[in-house]
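For reference, structure38.pdb is printed below; it contains PDB, C-alpha atoms.
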MODEL        1
ATOM      1  CA  MET A   6     -98.079-113.897 -35.424
ATOM      2  CA  PRO A   7    -101.352-111.894 -35.896
ATOM      3  CA  PRO A   8    -101.171-108.272 -37.049
ATOM      4  CA  ARG A   9    -100.462-105.837 -34.244
ATOM      5  CA  GLY A  10    -103.989-104.375 -33.871
ATOM      6  CA  LYS A  11    -105.689-107.796 -33.867
ATOM      7  CA  ILE A  12    -104.349-108.975 -30.514
ATOM      8  CA  THR A  13    -107.114-108.553 -27.950
ATOM      9  CA  ARG A  14    -107.652-109.495 -24.338
ATOM     10  CA  ASN A  15    -110.142-112.150 -25.501
ATOM     11  CA  SER A  16    -107.766-113.661 -28.024
ATOM     12  CA  ILE A  17    -105.061-113.920 -25.357
ATOM     13  CA  ALA A  18    -107.545-115.533 -22.954
ATOM     14  CA  GLU A  19    -108.504-118.001 -25.689
ATOM     15  CA  ALA A  20    -104.845-118.894 -26.245
ATOM     16  CA  ALA A  21    -104.380-119.380 -22.490
ATOM     17  CA  PHE A  22    -107.474-121.611 -22.425
ATOM     18  CA  ARG A  23    -106.033-123.770 -25.224
ATOM     19  CA  ILE A  24    -102.778-124.158 -23.288
ATOM     20  CA  ALA A  25    -104.620-125.064 -20.069
ATOM     21  CA  ARG A  26    -106.721-127.568 -21.996
ATOM     22  CA  ALA A  27    -103.764-129.232 -23.716
ATOM     23  CA  ARG A  28    -101.076-129.087 -21.030
ATOM     24  CA  GLY A  29    -102.591-127.866 -17.758
ATOM     25  CA  ALA A  30    -103.099-124.480 -16.089
ATOM     26  CA  GLU A  31     -99.635-124.612 -14.553
ATOM     27  CA  CYS A  32     -98.243-124.260 -18.099
ATOM     28  CA  VAL A  33    -100.050-120.965 -18.704
ATOM     29  CA  ASN A  34     -97.567-118.100 -18.535
ATOM     30  CA  ALA A  35     -96.676-115.066 -20.636
ATOM     31  CA  ARG A  36     -94.074-117.003 -22.621
ATOM     32  CA  SER A  37     -96.324-120.003 -23.408
ATOM     33  CA  VAL A  38     -99.181-117.718 -24.504
ATOM     34  CA  ALA A  39     -96.737-115.700 -26.592
ATOM     35  CA  GLU A  40     -95.442-118.854 -28.296
ATOM     36  CA  LEU A  41     -98.993-119.800 -29.223
ATOM     37  CA  HIS A  42    -100.395-116.395 -30.070
ATOM     38  CA  CYS A  43     -98.104-113.337 -30.089
ATOM     39  CA  SER A  44     -95.099-111.796 -28.346
ATOM     40  CA  THR A  45     -95.087-111.342 -24.563
ATOM     41  CA  GLN A  46     -95.646-107.590 -24.852
ATOM     42  CA  PRO A  47     -99.410-107.748 -25.718
ATOM     43  CA  VAL A  48     -99.954-110.346 -22.991
ATOM     44  CA  LEU A  49     -98.444-108.055 -20.378
ATOM     45  CA  TYR A  50    -100.229-105.041 -21.878
ATOM     46  CA  HIS A  51    -103.693-106.607 -21.534
ATOM     47  CA  PHE A  52    -103.065-108.435 -18.246
ATOM     48  CA  ALA A  53    -101.182-107.046 -15.249
ATOM     49  CA  THR A  54    -100.153-110.506 -14.031
ATOM     50  CA  VAL A  55     -99.995-114.103 -15.170
ATOM     51  CA  GLU A  56    -102.627-114.855 -12.524
ATOM     52  CA  GLU A  57    -105.028-112.569 -14.419
ATOM     53  CA  VAL A  58    -104.297-114.501 -17.618
ATOM     54  CA  ARG A  59    -105.046-117.770 -15.803
ATOM     55  CA  GLN A  60    -108.235-116.300 -14.332
ATOM     56  CA  ALA A  61    -109.398-115.324 -17.833
ATOM     57  CA  ALA A  62    -108.585-118.843 -19.047
ATOM     58  CA  TYR A  63    -110.505-120.228 -16.060
ATOM     59  CA  HIS A  64    -113.636-118.261 -17.001
ATOM     60  CA  ARG A  65    -113.376-119.526 -20.585
ATOM     61  CA  ALA A  66    -112.966-123.095 -19.297
ATOM     62  CA  ASP A  67    -116.007-122.649 -17.050
ATOM     63  CA  ARG A  68    -118.177-121.616 -20.020
ATOM     64  CA  PHE A  69    -116.836-124.555 -22.026
ATOM     65  CA  HIS A  70    -117.677-126.930 -19.144
ATOM     66  CA  SER A  71    -121.229-125.592 -18.793
ATOM     67  CA  ALA A  72    -121.884-126.088 -22.500
ATOM     68  CA  TYR A  73    -120.409-129.593 -22.285
ATOM     69  CA  LEU A  74    -122.726-130.519 -19.386
ATOM     70  CA  MET A  75    -125.822-129.355 -21.221
ATOM     71  CA  THR A  76    -125.090-131.299 -24.412
ATOM     72  CA  ILE A  77    -127.819-133.877 -23.923
ATOM     73  CA  PRO A  78    -129.573-135.896 -26.614
ATOM     74  CA  GLU A  79    -133.117-134.639 -27.216
ATOM     75  CA  ASP A  80    -134.476-138.146 -26.702
ATOM     76  CA  ALA A  81    -132.592-138.793 -23.434
ATOM     77  CA  ALA A  82    -134.824-140.810 -21.105
ATOM     78  CA  GLU A  83    -133.108-139.418 -18.000
ATOM     79  CA  PRO A  84    -131.753-135.901 -18.627
ATOM     80  CA  MET A  85    -130.545-135.682 -15.009
ATOM     81  CA  LEU A  86    -128.527-138.833 -15.418
ATOM     82  CA  GLU A  87    -127.034-137.458 -18.648
ATOM     83  CA  ILE A  88    -125.842-134.284 -16.894
ATOM     84  CA  GLY A  89    -124.137-136.369 -14.209
ATOM     85  CA  LEU A  90    -122.539-138.675 -16.746
ATOM     86  CA  ASN A  91    -121.410-135.669 -18.794
ATOM     87  CA  TYR A  92    -119.670-134.268 -15.712
ATOM     88  CA  ILE A  93    -117.789-137.539 -15.303
ATOM     89  CA  ARG A  94    -117.070-137.812 -19.033
ATOM     90  CA  PHE A  95    -115.649-134.298 -18.914
ATOM     91  CA  ALA A  96    -113.141-135.438 -16.277
ATOM     92  CA  ILE A  97    -112.122-138.295 -18.570
ATOM     93  CA  GLU A  98    -112.000-136.359 -21.847
ATOM     94  CA  GLU A  99    -110.686-133.046 -20.488
ATOM     95  CA  PRO A 100    -108.538-133.992 -17.468
ATOM     96  CA  HIS A 101    -106.457-130.789 -17.514
ATOM     97  CA  LEU A 102    -109.559-128.602 -17.612
ATOM     98  CA  PHE A 103    -111.259-130.690 -14.922
ATOM     99  CA  ARG A 104    -108.299-130.217 -12.561
ATOM    100  CA  PHE A 105    -108.122-126.517 -13.475
ATOM    101  CA  LEU A 106    -111.819-125.953 -12.769
ATOM    102  CA  PHE A 107    -112.262-128.096  -9.686
ATOM    103  CA  GLN A 108    -108.920-128.796  -8.088
ATOM    104  CA  SER A 109    -106.765-125.707  -8.639
ATOM    105  CA  GLY A 110    -108.217-123.127  -6.250
ATOM    106  CA  PHE A 111    -109.177-120.749  -9.091
ATOM    107  CA  ALA A 112    -112.919-121.079  -8.525
ATOM    108  CA  VAL A 113    -114.589-117.942  -7.223
ATOM    109  CA  GLU A 114    -116.930-120.119  -5.187
ATOM    110  CA  ARG A 115    -114.983-121.650  -2.320
ATOM    111  CA  SER A 116    -117.573-124.226  -1.283
ATOM    112  CA  LEU A 117    -120.197-126.495  -2.812
ATOM    113  CA  PRO A 118    -123.110-124.435  -1.407
ATOM    114  CA  GLU A 119    -121.578-121.271  -2.928
ATOM    115  CA  MET A 120    -121.250-123.050  -6.271
ATOM    116  CA  VAL A 121    -124.872-124.213  -6.157
ATOM    117  CA  ASP A 122    -126.006-120.644  -5.527
ATOM    118  CA  SER A 123    -123.899-119.193  -8.370
ATOM    119  CA  ASP A 124    -125.446-117.575 -11.423
ATOM    120  CA  GLU A 125    -123.596-119.996 -13.708
ATOM    121  CA  LEU A 126    -125.479-122.973 -12.278
ATOM    122  CA  LYS A 127    -128.985-121.467 -12.439
ATOM    123  CA  PRO A 128    -129.752-122.754 -15.979
ATOM    124  CA  ILE A 129    -128.697-126.275 -15.010
ATOM    125  CA  LEU A 130    -130.737-126.215 -11.801
ATOM    126  CA  GLY A 131    -133.744-124.832 -13.693
ATOM    127  CA  PHE A 132    -133.474-127.640 -16.235
ATOM    128  CA  MET A 133    -133.133-130.227 -13.464
ATOM    129  CA  GLY A 134    -136.091-128.892 -11.483
ATOM    130  CA  GLU A 135    -138.289-128.935 -14.548
ATOM    131  CA  ALA A 136    -137.213-132.481 -15.464
ATOM    132  CA  MET A 137    -137.907-133.755 -11.930
ATOM    133  CA  GLY A 138    -141.008-131.669 -11.237
ATOM    134  CA  LEU A 139    -139.445-130.137  -8.120
ATOM    135  CA  GLY A 140    -139.336-126.602  -6.758
ATOM    136  CA  PRO A 141    -136.115-124.582  -6.564
ATOM    137  CA  GLU A 142    -135.168-125.493  -2.974
ATOM    138  CA  GLN A 143    -135.939-129.180  -3.474
ATOM    139  CA  THR A 144    -133.928-129.182  -6.718
ATOM    140  CA  ARG A 145    -131.028-127.543  -4.879
ATOM    141  CA  GLU A 146    -131.038-130.305  -2.255
ATOM    142  CA  VAL A 147    -131.200-133.087  -4.856
ATOM    143  CA  PHE A 148    -128.387-131.410  -6.766
ATOM    144  CA  LEU A 149    -126.197-131.239  -3.645
ATOM    145  CA  THR A 150    -126.729-134.955  -3.035
ATOM    146  CA  LEU A 151    -125.894-135.885  -6.612
ATOM    147  CA  ALA A 152    -123.003-133.421  -6.894
ATOM    148  CA  LEU A 153    -121.141-135.136  -4.077
ATOM    149  CA  LEU A 154    -121.415-138.524  -5.759
ATOM    150  CA  VAL A 155    -120.709-137.279  -9.281
ATOM    151  CA  HIS A 156    -117.745-135.145  -8.234
ATOM    152  CA  GLY A 157    -116.328-138.032  -6.230
ATOM    153  CA  TYR A 158    -116.493-140.304  -9.255
ATOM    154  CA  ALA A 159    -115.034-137.664 -11.559
ATOM    155  CA  SER A 160    -112.180-136.837  -9.177
ATOM    156  CA  LEU A 161    -111.253-140.480  -8.674
ATOM    157  CA  ILE A 162    -111.325-141.135 -12.406
ATOM    158  CA  ALA A 163    -109.380-137.947 -13.274
ATOM    159  CA  SER A 164    -106.662-138.826 -10.781
ATOM    160  CA  GLY A 165    -106.402-142.429 -12.005
ATOM    161  CA  GLY A 166    -107.855-143.897  -8.813
ATOM    162  CA  LEU A 167    -110.796-145.560 -10.552
ATOM    163  CA  VAL A 168    -111.433-147.040 -13.983
ATOM    164  CA  TYR A 169    -114.611-145.714 -15.603
ATOM    165  CA  ASP A 170    -117.422-148.229 -16.050
ATOM    166  CA  GLU A 171    -120.342-146.253 -17.473
ATOM    167  CA  LYS A 172    -122.963-148.924 -16.752
ATOM    168  CA  ALA A 173    -121.987-149.202 -13.083
ATOM    169  CA  VAL A 174    -121.728-145.432 -12.659
ATOM    170  CA  ALA A 175    -125.073-144.864 -14.381
ATOM    171  CA  ALA A 176    -126.736-147.423 -12.083
ATOM    172  CA  HIS A 177    -125.292-145.718  -8.984
ATOM    173  CA  LEU A 178    -126.349-142.281 -10.182
ATOM    174  CA  GLU A 179    -129.828-143.474 -11.071
ATOM    175  CA  ARG A 180    -130.305-144.983  -7.591
ATOM    176  CA  ALA A 181    -128.930-141.875  -5.890
ATOM    177  CA  CYS A 182    -131.183-139.605  -7.952
ATOM    178  CA  ARG A 183    -134.280-141.697  -7.249
ATOM    179  CA  GLY A 184    -133.446-141.765  -3.556
ATOM    180  CA  ALA A 185    -132.853-138.023  -3.368
ATOM    181  CA  VAL A 186    -136.086-137.231  -5.220
ATOM    182  CA  LEU A 187    -138.069-139.651  -3.032
ATOM    183  CA  ALA A 188    -136.609-138.050   0.079
ATOM    184  CA  MET A 189    -137.696-134.598  -1.154
ATOM    185  CA  GLU A 190    -141.185-135.881  -1.953
ATOM    186  CA  GLU A 191    -141.496-137.437   1.532
ATOM    187  CA  GLU A 192    -140.411-134.193   3.185
ATOM    188  CA  THR A 193    -143.155-132.263   1.388
ATOM    189  CA  LYS A 194    -145.927-134.647   2.482
TER     190      LYS A 194
ENDMDL
END
Now that the file is in, can you turn its structure into structure tokens?
Amino acid sequence: MPPRGKITRNSIAEAAFRIARARGAECVNARSVAELHCSTQPVLYHFATVEEVRQAAYHRADRFHSAYLMTIPEDAAEPMLEIGLNYIRFAIEEPHLFRFLFQSGFAVERSLPEMVDSDELKPILGFMGEAMGLGPEQTREVFLTLALLVHGYASLIASGGLVYDEKAVAAHLERACRGAVLAMEEETK
């Protein structure tokens, strides 16, 4: 157990994140955080409710997910494709966090359009727009098209409804991306 003065709100949130990552958000409670990090008293001192602890863990998971998505090899031929594949890989490698982030109801954004307009997604959309040579609104539309396909794949894989075949998924994503970009280019003619 850490010394009394060393237990902070952030360290409790980090412990809650580790529990959500290893066992699922439903396992985050004052007792489980206390077992991992401290007694229950500091948890309840820094957070009024267990829901607040979970919300803090959610925000930590969201930052972790964003960094995961943007981990792309410098020499990637198709950076857009890599972001989509990373989203799906995240569902495979971090199934508890994927369900926590996208299937638990903790998201502040309650719809896909709200998510696309969030501050957290701006760096990803900026990167995508630059890579595709599209303006912000066109990039947003391409992203919406791809997000539906990518999230569908990730959800099916995370729930065990589909076995991951990276070559097949990459081919589908590549075709969808090309089609969405072509559609945007045709609309601007």
Provide the atom CA of Glu146 of chain A to atom CA of Gly165 of chain A distance in Å, to one decimal place.
29.1 Å
Can you list, as a count of residues only, every protein, DNA or RNA residue that comes within 10 Å of Thr76 of chain A when you count all atoms listed in the file, leaving out same-chain residues fewer than 6 positions away?
4
Take the PyMOL selection byres ((chain A and resi 177) around 12), run it mentally on this structure, and tell me the resulting residues as a list in words.
Leu86, Gly89, Leu90, Leu151, Leu154, Val155, Tyr158, Asp170, Glu171, Lys172, Ala173, Val174, Ala175, Ala176, Leu178, Glu179, Arg180, Ala181, Cys182, Arg183 and Gly184 of chain A
Output of the PyMOL selection byres ((chain A and resi 22) around 9), listed as a PyMOL selection string
chain A and resi 17-21+23-27+30+33+59+61-66+102
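Each of A:Ser37, A:Met85, A:Phe95, A:Ala152 was checked against Phe132 of chain A using all atoms listed in the file; the smallest atom-to-atom distance is that of A:Met85.
If only C-alpha atoms are the atoms counted, then among A:Met137, A:Ala159, A:Ala82, A:Ala185 the closest residue to Phe103 of chain A is A:Ala159.
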Counting only C-alpha atoms, which residue out of A:Ile97, A:Ile12, A:Val55, A:Ala35 sits closest to Leu167 of chain A?
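Comparing A:Ile97, A:Ile12, A:Val55, A:Ala35 against Leu167 of chain A, the winner is A:Ile97.
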Residue neighbourhood segment 189-191 of chain A, 10 Å, all atoms listed in the file, exclusion window fewer than 2 positions, as an mmCIF file with C-alpha atoms, in the frame of the given file:
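The result, written out as result-v1.cif:
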data_model
loop_
_atom_site.group_PDB
_atom_site.id
_atom_site.type_symbol
_atom_site.label_atom_id
_atom_site.label_comp_id
_atom_site.auth_asym_id
_atom_site.auth_seq_id
_atom_site.Cartn_x
_atom_site.Cartn_y
_atom_site.Cartn_z
ATOM 1 C CA LEU A 139 -139.445 -130.137 -8.120
ATOM 2 C CA GLY A 140 -139.336 -126.602 -6.758
ATOM 3 C CA GLU A 142 -135.168 -125.493 -2.974
ATOM 4 C CA GLN A 143 -135.939 -129.180 -3.474
ATOM 5 C CA THR A 144 -133.928 -129.182 -6.718
ATOM 6 C CA GLU A 146 -131.038 -130.305 -2.255
ATOM 7 C CA VAL A 147 -131.200 -133.087 -4.856
ATOM 8 C CA ARG A 183 -134.280 -141.697 -7.249
ATOM 9 C CA GLY A 184 -133.446 -141.765 -3.556
ATOM 10 C CA ALA A 185 -132.853 -138.023 -3.368
ATOM 11 C CA VAL A 186 -136.086 -137.231 -5.220
ATOM 12 C CA LEU A 187 -138.069 -139.651 -3.032
ATOM 13 C CA THR A 193 -143.155 -132.263 1.388
ATOM 14 C CA LYS A 194 -145.927 -134.647 2.482
#
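Comparing the minimum interatomic distances between Val121 of chain A and each of A:Arg68, A:Lys11, A:Arg145, A:His156, counting all atoms listed in the file, we find that A:Arg145 sits nearest.
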Evaluate the PyMOL selection byres ((chain A and resi 118) around 12) against this structure - the residues, as number ranges by chain, please.
A: 114-117, 119-123, 126, 145-146, 148-150, 152-153
Kindly extract all protein, DNA and RNA residues lying within 8 Å of the coordinates (-106.9, -132.2, -6.8) given in the file, considering all atoms listed in the file, and supply them as a ChimeraX atom specification.
/A:104,107-109,160,164
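As for atom CA of Glu57 of chain A and atom CA of Arg28 of chain A, they are spaced 18.2 Å apart.
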In Å, with one decimal, what is the gap from atom CA of Ile129 of chain A to atom CA of Glu99 of chain A?
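A separation of 20.0 Å between them.
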Have a look at A:Ile93, A:Cys32, A:Ala81, A:Leu74 and name the one nearest to Tyr169 of chain A; count all atoms listed in the file.
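Residue with the minimum atom-to-atom distance to Tyr169 of chain A: A:Ile93.
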First collect every listed atom of segment 161-171 of chain A; then fit an axis-aligned box around them, widen it by 8 Å on each side, and give centre and edge lengths in Å to one decimal, as lines of an AutoDock Vina configuration file.
center_x = -113.4
center_y = -143.1
center_z = -13.1
size_x = 29.9
size_y = 26.3
size_z = 24.8
Restricting the calculation to all atoms listed in the file: of A:His101, A:Tyr50, A:Glu56, A:Ser71, which residue gets closest to Pro128 of chain A?
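For Pro128 of chain A, the nearest of the candidates is A:Ser71.
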